[in-house]
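Comments concern the structure below.
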Amino acid sequence: MSDLYLSRIRNWFWKSPPAEWFINGARGLLINTLKQGPVPKHVAFEMDGNRRFAKNHKIETIEGHHLGFEALARVLEICYKCGVKVVTVYAFSIENFNRPRGEVKGLMAMAKVKLEQLVQHGELLDRYGACIRVLGERDLIPDDVLPFVDRAVEMTKHNKDAVLNICFPYTSRAEMTSAIKSTIDEFTSPSRPSNQPFSQSRITQKIRSKHSKLAGSLDSISEASPDSGALSDLDDSMSSTTALDPESPPLQSTTARPIRLPNPENITADTINSHMYTAECPPLDIFIRTSNVTRLSDFMLWQCHEDTHIFFLKCFWPEFDLWHFVPVLLEWQWRQKKLLEKEAGSRKY
């Protein structure tokens, strides 16, 4: 009984106005301090642990997902305040369609509600100039959810300072497959020149024919008195656009140019990257997964290259807050400092 009483006192204290004022001030001071060092441009979050959090706290699974969305709102504000330009989140995997029908239906209903909230109460996105991009297999999105997706994208497209990538529904295998298909289309579909009604040689021939007829008509007018027939002939020669002078040189024969396809030997990793969903985004700096699971689970496999720093955290996603993000950002800044020192040392030698 005493433990329950102390817990209530503790919750009341931290939610009191003085405590909230102190916490908000400390958070702002800490974020401003972090901004003095290098800041990652692109951070990805694999939001894992909503269901286990709900199970541990004996609440409904869908309530765990709602708390996960609240954590996302906190994380977005933290990232944008720190200066992160692109945040990518794994909202729904294609594999999640294999979950129980009731849970999938609840997730889709929640997606509609949360997307609508982002649009109607989008102070956070507008404050930091962030636009929404939905990455994934569009044809798998249910018909009743698709209008909410399009509305969220449309209503935030004017924001140009930051980006929120929502992967929904998504897997890296599907993304890479799509990129490879697009690359094949690019290298098997030659760019054809615009069609012209006449070739350049034919146009030149017509101009020469017109000038020769005009010169002959003027000579005949200067030698004889003008009459209606001469004027008529002159008019005919001026207005003709199809008749050619029989004494002019013959037209040059034109042959069809062979179709030239792009050389497949020119395909590089950058070629594939240009067709990925995140082609317009900066390289991925930090990858974070919660719930103490140490695998990528088909998320951002292509983007996680040698310069990406991967962090696996023990906390569940609904628990994730600034105090979990600060150690990650500090370690990333420390690694960047060491990398710069290493590069400076190598340049000396």
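Letters A, B, ... mark the chains of the structure tokens in the order given; residue numbers begin at 1 per chain; ligand numbers begin at 1, in order shown.
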Can you list, as a PDB file with all heavy atoms, in the first residue's frame, every protein, DNA or RNA residue that comes within 12 Å of Leu146 of chain A when you count only C-alpha atoms, leaving out same-chain residues fewer than 6 positions away?
ATOM      1  N   MET A 108      -4.725  -0.264 -39.363  1.00  0.00           N
ATOM      2  CA  MET A 108      -5.143   0.567 -40.491  1.00  0.00           C
ATOM      3  C   MET A 108      -6.087   1.682 -40.031  1.00  0.00           C
ATOM      4  O   MET A 108      -6.004   2.817 -40.509  1.00  0.00           O
ATOM      5  CB  MET A 108      -5.813  -0.293 -41.556  1.00  0.00           C
ATOM      6  CG  MET A 108      -4.856  -1.247 -42.251  1.00  0.00           C
ATOM      7  SD  MET A 108      -3.535  -0.345 -43.085  1.00  0.00           S
ATOM      8  CE  MET A 108      -2.351  -1.666 -43.365  1.00  0.00           C
ATOM      9  N   ALA A 109      -6.962   1.360 -39.091  1.00  0.00           N
ATOM     10  CA  ALA A 109      -7.849   2.397 -38.545  1.00  0.00           C
ATOM     11  C   ALA A 109      -7.038   3.457 -37.810  1.00  0.00           C
ATOM     12  O   ALA A 109      -7.312   4.662 -37.920  1.00  0.00           O
ATOM     13  CB  ALA A 109      -8.877   1.756 -37.622  1.00  0.00           C
ATOM     14  N   ALA A 111      -3.942   4.207 -38.446  1.00  0.00           N
ATOM     15  CA  ALA A 111      -3.200   4.969 -39.455  1.00  0.00           C
ATOM     16  C   ALA A 111      -4.051   6.112 -39.997  1.00  0.00           C
ATOM     17  O   ALA A 111      -3.561   7.233 -40.183  1.00  0.00           O
ATOM     18  CB  ALA A 111      -2.755   4.046 -40.582  1.00  0.00           C
ATOM     19  N   LYS A 112      -5.319   5.838 -40.266  1.00  0.00           N
ATOM     20  CA  LYS A 112      -6.202   6.901 -40.758  1.00  0.00           C
ATOM     21  C   LYS A 112      -6.340   8.021 -39.741  1.00  0.00           C
ATOM     22  O   LYS A 112      -6.269   9.211 -40.085  1.00  0.00           O
ATOM     23  CB  LYS A 112      -7.575   6.310 -41.098  1.00  0.00           C
ATOM     24  CG  LYS A 112      -7.566   5.355 -42.275  1.00  0.00           C
ATOM     25  CD  LYS A 112      -8.967   5.007 -42.739  1.00  0.00           C
ATOM     26  CE  LYS A 112      -9.709   4.167 -41.727  1.00  0.00           C
ATOM     27  NZ  LYS A 112     -11.025   3.730 -42.240  1.00  0.00           N
ATOM     28  N   LEU A 115      -2.858   9.954 -39.341  1.00  0.00           N
ATOM     29  CA  LEU A 115      -2.567  10.782 -40.506  1.00  0.00           C
ATOM     30  C   LEU A 115      -3.468  12.011 -40.534  1.00  0.00           C
ATOM     31  O   LEU A 115      -3.029  13.114 -40.883  1.00  0.00           O
ATOM     32  CB  LEU A 115      -2.733   9.959 -41.787  1.00  0.00           C
ATOM     33  CG  LEU A 115      -1.646   8.919 -42.067  1.00  0.00           C
ATOM     34  CD1 LEU A 115      -2.056   8.030 -43.234  1.00  0.00           C
ATOM     35  CD2 LEU A 115      -0.313   9.599 -42.369  1.00  0.00           C
ATOM     36  N   GLU A 116      -4.723  11.801 -40.172  1.00  0.00           N
ATOM     37  CA  GLU A 116      -5.647  12.939 -40.120  1.00  0.00           C
ATOM     38  C   GLU A 116      -5.228  13.929 -39.037  1.00  0.00           C
ATOM     39  O   GLU A 116      -5.312  15.148 -39.226  1.00  0.00           O
ATOM     40  CB  GLU A 116      -7.067  12.440 -39.859  1.00  0.00           C
ATOM     41  CG  GLU A 116      -8.145  13.507 -39.983  1.00  0.00           C
ATOM     42  CD  GLU A 116      -8.307  14.005 -41.413  1.00  0.00           C
ATOM     43  OE1 GLU A 116      -7.822  13.326 -42.351  1.00  0.00           O
ATOM     44  OE2 GLU A 116      -8.914  15.069 -41.591  1.00  0.00           O
ATOM     45  N   VAL A 134       5.369   9.175 -48.010  1.00  0.00           N
ATOM     46  CA  VAL A 134       5.009   7.795 -47.698  1.00  0.00           C
ATOM     47  C   VAL A 134       5.736   6.887 -48.674  1.00  0.00           C
ATOM     48  O   VAL A 134       5.520   6.967 -49.893  1.00  0.00           O
ATOM     49  CB  VAL A 134       3.484   7.579 -47.771  1.00  0.00           C
ATOM     50  CG1 VAL A 134       3.130   6.128 -47.462  1.00  0.00           C
ATOM     51  CG2 VAL A 134       2.783   8.510 -46.775  1.00  0.00           C
ATOM     52  N   GLU A 137       4.894   0.107 -50.869  1.00  0.00           N
ATOM     53  CA  GLU A 137       4.092  -0.467 -51.940  1.00  0.00           C
ATOM     54  C   GLU A 137       2.688   0.153 -51.892  1.00  0.00           C
ATOM     55  O   GLU A 137       1.822  -0.289 -51.130  1.00  0.00           O
ATOM     56  CB  GLU A 137       4.014  -1.988 -51.780  1.00  0.00           C
ATOM     57  CG  GLU A 137       5.369  -2.668 -51.831  1.00  0.00           C
ATOM     58  CD  GLU A 137       6.060  -2.461 -53.162  1.00  0.00           C
ATOM     59  OE1 GLU A 137       5.490  -2.867 -54.195  1.00  0.00           O
ATOM     60  OE2 GLU A 137       7.159  -1.876 -53.161  1.00  0.00           O
ATOM     61  N   ARG A 138       2.487   1.152 -52.708  1.00  0.00           N
ATOM     62  CA  ARG A 138       1.213   1.889 -52.691  1.00  0.00           C
ATOM     63  C   ARG A 138       0.029   0.984 -53.028  1.00  0.00           C
ATOM     64  O   ARG A 138      -1.065   1.163 -52.475  1.00  0.00           O
ATOM     65  CB  ARG A 138       1.297   3.052 -53.679  1.00  0.00           C
ATOM     66  CG  ARG A 138       0.040   3.903 -53.754  1.00  0.00           C
ATOM     67  CD  ARG A 138       0.196   5.006 -54.785  1.00  0.00           C
ATOM     68  NE  ARG A 138      -1.047   5.738 -54.977  1.00  0.00           N
ATOM     69  CZ  ARG A 138      -1.437   6.775 -54.255  1.00  0.00           C
ATOM     70  NH1 ARG A 138      -0.661   7.196 -53.272  1.00  0.00           N
ATOM     71  NH2 ARG A 138      -2.579   7.383 -54.488  1.00  0.00           N
ATOM     72  N   ASP A 139       0.236   0.002 -53.911  1.00  0.00           N
ATOM     73  CA  ASP A 139      -0.882  -0.840 -54.323  1.00  0.00           C
ATOM     74  C   ASP A 139      -1.358  -1.765 -53.219  1.00  0.00           C
ATOM     75  O   ASP A 139      -2.436  -2.368 -53.336  1.00  0.00           O
ATOM     76  CB  ASP A 139      -0.492  -1.660 -55.553  1.00  0.00           C
ATOM     77  CG  ASP A 139       0.751  -2.501 -55.321  1.00  0.00           C
ATOM     78  OD1 ASP A 139       1.529  -2.142 -54.412  1.00  0.00           O
ATOM     79  OD2 ASP A 139       0.945  -3.499 -56.029  1.00  0.00           O
ATOM     80  N   LEU A 140      -0.608  -1.878 -52.111  1.00  0.00           N
ATOM     81  CA  LEU A 140      -1.030  -2.709 -50.987  1.00  0.00           C
ATOM     82  C   LEU A 140      -1.804  -1.919 -49.929  1.00  0.00           C
ATOM     83  O   LEU A 140      -2.356  -2.522 -49.000  1.00  0.00           O
ATOM     84  CB  LEU A 140       0.191  -3.372 -50.326  1.00  0.00           C
ATOM     85  CG  LEU A 140       0.982  -4.361 -51.200  1.00  0.00           C
ATOM     86  CD1 LEU A 140       2.156  -4.931 -50.407  1.00  0.00           C
ATOM     87  CD2 LEU A 140       0.084  -5.485 -51.693  1.00  0.00           C
ATOM     88  N   ALA A 152      -2.379  13.661 -46.462  1.00  0.00           N
ATOM     89  CA  ALA A 152      -1.244  14.038 -45.614  1.00  0.00           C
ATOM     90  C   ALA A 152      -0.060  14.506 -46.456  1.00  0.00           C
ATOM     91  O   ALA A 152       0.617  15.483 -46.111  1.00  0.00           O
ATOM     92  CB  ALA A 152      -0.840  12.855 -44.733  1.00  0.00           C
ATOM     93  N   VAL A 153       0.196  13.821 -47.555  1.00  0.00           N
ATOM     94  CA  VAL A 153       1.292  14.213 -48.442  1.00  0.00           C
ATOM     95  C   VAL A 153       0.995  15.562 -49.106  1.00  0.00           C
ATOM     96  O   VAL A 153       1.853  16.439 -49.189  1.00  0.00           O
ATOM     97  CB  VAL A 153       1.544  13.127 -49.503  1.00  0.00           C
ATOM     98  CG1 VAL A 153       2.567  13.597 -50.520  1.00  0.00           C
ATOM     99  CG2 VAL A 153       1.996  11.828 -48.842  1.00  0.00           C
ATOM    100  N   PHE A 168       5.413   2.624 -45.332  1.00  0.00           N
ATOM    101  CA  PHE A 168       4.091   2.056 -45.084  1.00  0.00           C
ATOM    102  C   PHE A 168       3.401   1.726 -46.409  1.00  0.00           C
ATOM    103  O   PHE A 168       3.117   2.653 -47.173  1.00  0.00           O
ATOM    104  CB  PHE A 168       3.263   3.079 -44.300  1.00  0.00           C
ATOM    105  CG  PHE A 168       1.806   2.725 -44.153  1.00  0.00           C
ATOM    106  CD1 PHE A 168       1.388   1.878 -43.145  1.00  0.00           C
ATOM    107  CD2 PHE A 168       0.849   3.246 -45.013  1.00  0.00           C
ATOM    108  CE1 PHE A 168       0.038   1.560 -43.001  1.00  0.00           C
ATOM    109  CE2 PHE A 168      -0.494   2.935 -44.883  1.00  0.00           C
ATOM    110  CZ  PHE A 168      -0.892   2.088 -43.864  1.00  0.00           C
ATOM    111  N   PRO A 169       3.136   0.447 -46.684  1.00  0.00           N
ATOM    112  CA  PRO A 169       3.801  -0.751 -46.159  1.00  0.00           C
ATOM    113  C   PRO A 169       5.113  -0.953 -46.910  1.00  0.00           C
ATOM    114  O   PRO A 169       5.215  -0.618 -48.091  1.00  0.00           O
ATOM    115  CB  PRO A 169       2.798  -1.855 -46.454  1.00  0.00           C
ATOM    116  CG  PRO A 169       2.052  -1.367 -47.657  1.00  0.00           C
ATOM    117  CD  PRO A 169       2.046   0.128 -47.610  1.00  0.00           C
TER     118      PRO A 169
END
Sort by chain and increasing residue number a table of all residues of segment 114-183 of chain A within 10 Å of segment 33-54 of chain A, each with its closest pair of atoms and their distance in Å to one decimal, counting only C-alpha atoms, and write it as CSV.
residue,atom,partner,partner_atom,distance
A:Ala162,CA,A:Lys41,CA,9.6
A:Val163,CA,A:His42,CA,9.3
A:Leu164,CA,A:Ala44,CA,10.0
A:Asn165,CA,A:Ala44,CA,9.0
Report task. Quote the spacing between atom CA of Glu20 of chain A and atom CA of Cys315 of chain A in Å to one decimal place. Result ->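 Here the two named atoms are 22.8 Å from each other.
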Hey, which bits of segment 133-192 of chain A sit within 12 Å of segment 291-304 of chain A, and for each residue what's the closest pair of atoms and how far apart in Å (one decimal), counting only C-alpha atoms, rows by chain and increasing number, as JSON lines?
{"residue": "A:Leu135", "atom": "CA", "partner": "A:Met300", "partner_atom": "CA", "distance": 11.4}
{"residue": "A:Gly136", "atom": "CA", "partner": "A:Phe299", "partner_atom": "CA", "distance": 11.2}
{"residue": "A:Asn165", "atom": "CA", "partner": "A:Met300", "partner_atom": "CA", "distance": 11.8}
{"residue": "A:Ile166", "atom": "CA", "partner": "A:Phe299", "partner_atom": "CA", "distance": 11.9}
{"residue": "A:Cys167", "atom": "CA", "partner": "A:Phe299", "partner_atom": "CA", "distance": 9.0}
{"residue": "A:Phe168", "atom": "CA", "partner": "A:Phe299", "partner_atom": "CA", "distance": 11.3}
{"residue": "A:Pro169", "atom": "CA", "partner": "A:Phe299", "partner_atom": "CA", "distance": 11.1}
{"residue": "A:Tyr170", "atom": "CA", "partner": "A:Phe299", "partner_atom": "CA", "distance": 7.9}
{"residue": "A:Thr171", "atom": "CA", "partner": "A:Asp298", "partner_atom": "CA", "distance": 5.4}
{"residue": "A:Ser172", "atom": "CA", "partner": "A:Asp298", "partner_atom": "CA", "distance": 5.1}
{"residue": "A:Arg173", "atom": "CA", "partner": "A:Asp298", "partner_atom": "CA", "distance": 6.8}
{"residue": "A:Ala174", "atom": "CA", "partner": "A:Asp298", "partner_atom": "CA", "distance": 9.3}
{"residue": "A:Glu175", "atom": "CA", "partner": "A:Trp302", "partner_atom": "CA", "distance": 8.9}
{"residue": "A:Met176", "atom": "CA", "partner": "A:Trp302", "partner_atom": "CA", "distance": 7.5}
{"residue": "A:Thr177", "atom": "CA", "partner": "A:Trp302", "partner_atom": "CA", "distance": 11.2}
{"residue": "A:Ala179", "atom": "CA", "partner": "A:Trp302", "partner_atom": "CA", "distance": 10.7}
Keeping only N, CA, C and O atoms, write the selected residues as a CSV table (one decimal), in the first residue's frame.
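Saved file out-v8.csv follows:
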chain,number,residue,atom,x,y,z
A,135,LEU,N,6.6,6.0,-48.2
A,135,LEU,CA,7.5,5.2,-49.0
A,135,LEU,C,7.0,3.7,-48.8
A,135,LEU,O,6.7,3.3,-47.7
A,136,GLY,N,6.8,3.0,-49.9
A,136,GLY,CA,6.4,1.6,-49.8
A,136,GLY,C,5.6,1.2,-51.0
A,136,GLY,O,5.6,1.9,-52.1
A,165,ASN,N,9.8,10.6,-43.6
A,165,ASN,CA,9.6,9.5,-44.4
A,165,ASN,C,8.8,8.4,-43.6
A,165,ASN,O,9.4,7.9,-42.6
A,166,ILE,N,7.6,8.1,-44.0
A,166,ILE,CA,6.8,7.0,-43.3
A,166,ILE,C,6.8,5.8,-44.2
A,166,ILE,O,6.2,5.8,-45.3
A,167,CYS,N,7.5,4.7,-43.8
A,167,CYS,CA,7.6,3.5,-44.6
A,167,CYS,C,6.3,2.7,-44.3
A,167,CYS,O,6.2,2.1,-43.3
A,168,PHE,N,5.4,2.6,-45.3
A,168,PHE,CA,4.1,2.1,-45.1
A,168,PHE,C,3.4,1.7,-46.4
A,168,PHE,O,3.1,2.7,-47.2
A,169,PRO,N,3.1,0.4,-46.7
A,169,PRO,CA,3.8,-0.8,-46.2
A,169,PRO,C,5.1,-1.0,-46.9
A,169,PRO,O,5.2,-0.6,-48.1
A,170,TYR,N,6.1,-1.5,-46.2
A,170,TYR,CA,7.5,-1.5,-46.8
A,170,TYR,C,8.2,-2.7,-46.3
A,170,TYR,O,8.0,-3.2,-45.2
A,171,THR,N,9.1,-3.1,-47.2
A,171,THR,CA,10.3,-4.0,-46.8
A,171,THR,C,11.4,-3.6,-47.8
A,171,THR,O,11.2,-3.1,-48.9
A,172,SER,N,12.6,-3.8,-47.3
A,172,SER,CA,13.8,-3.5,-48.1
A,172,SER,C,13.9,-4.3,-49.3
A,172,SER,O,14.3,-3.8,-50.4
A,173,ARG,N,13.5,-5.6,-49.2
A,173,ARG,CA,13.5,-6.4,-50.4
A,173,ARG,C,12.6,-5.9,-51.5
A,173,ARG,O,12.9,-5.9,-52.7
A,174,ALA,N,11.4,-5.4,-51.1
A,174,ALA,CA,10.5,-4.8,-52.1
A,174,ALA,C,11.1,-3.5,-52.7
A,174,ALA,O,10.9,-3.3,-53.9
A,175,GLU,N,11.7,-2.7,-51.9
A,175,GLU,CA,12.3,-1.5,-52.4
A,175,GLU,C,13.4,-1.8,-53.3
A,175,GLU,O,13.5,-1.1,-54.4
A,176,MET,N,14.3,-2.7,-53.0
A,176,MET,CA,15.4,-3.0,-53.9
A,176,MET,C,14.9,-3.7,-55.2
A,176,MET,O,15.4,-3.4,-56.3
A,177,THR,N,13.9,-4.5,-55.1
A,177,THR,CA,13.3,-5.1,-56.3
A,177,THR,C,12.7,-4.0,-57.2
A,177,THR,O,12.9,-4.0,-58.4
A,179,ALA,N,13.7,-0.9,-57.4
A,179,ALA,CA,14.8,-0.1,-57.9
A,179,ALA,C,15.5,-0.9,-59.1
A,179,ALA,O,15.8,-0.2,-60.1
Report task. Can you work out the spacing between atom CA of Asp161 of chain A and atom CA of Gln120 of chain A in Å, to one decimal? Result ->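 Interatomic distance here is 19.7 Å.
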Query raised in the report: Using only C-alpha atoms, which residues sit within 10 Å of segment 71-77 of chain A once same-chain residues fewer than 6 positions away are excluded, as a list in words?
Result: Phe45, Met47, His65, Gly83, Val84, Val86, Val87, Thr88, Val89, Leu118, Leu124, Leu125, Arg127, Tyr128, Ala130, Leu164, Trp317, Pro318, Glu319, Phe320, Asp321, Leu322 and Phe325 of chain A
Query raised in the report: atom CA of Thr188 of chain A and atom CA of Pro262 of chain A, how far apart in Å?
Result: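 Going from atom CA of Pro262 of chain A over to atom CA of Thr188 of chain A covers 7.3 Å.
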Query raised in the report: With distances taken over only C-alpha atoms, which of A:Arg101, A:Leu107, A:Asp270, A:Glu95 is nearest to Thr61 of chain A?
Result: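 Checking each of A:Arg101, A:Leu107, A:Asp270, A:Glu95 against Thr61 of chain A, counting only C-alpha atoms, the winner is A:Leu107.
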Requested in this report: Using only C-alpha atoms, pick whichever of A:Ala91, A:Ile59, A:Ala344, A:Ile184 has the shortest atom-to-atom distance to Leu261 of chain A.
Outcome: A:Ile184
**Report entry** Using only C-alpha atoms: which of A:His158, A:Arg27, A:Lys85, A:Arg335 has the shortest distance to His309 of chain A
**Finding:**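 Among A:His158, A:Arg27, A:Lys85, A:Arg335, it is A:Arg335 that comes nearest to His309 of chain A.
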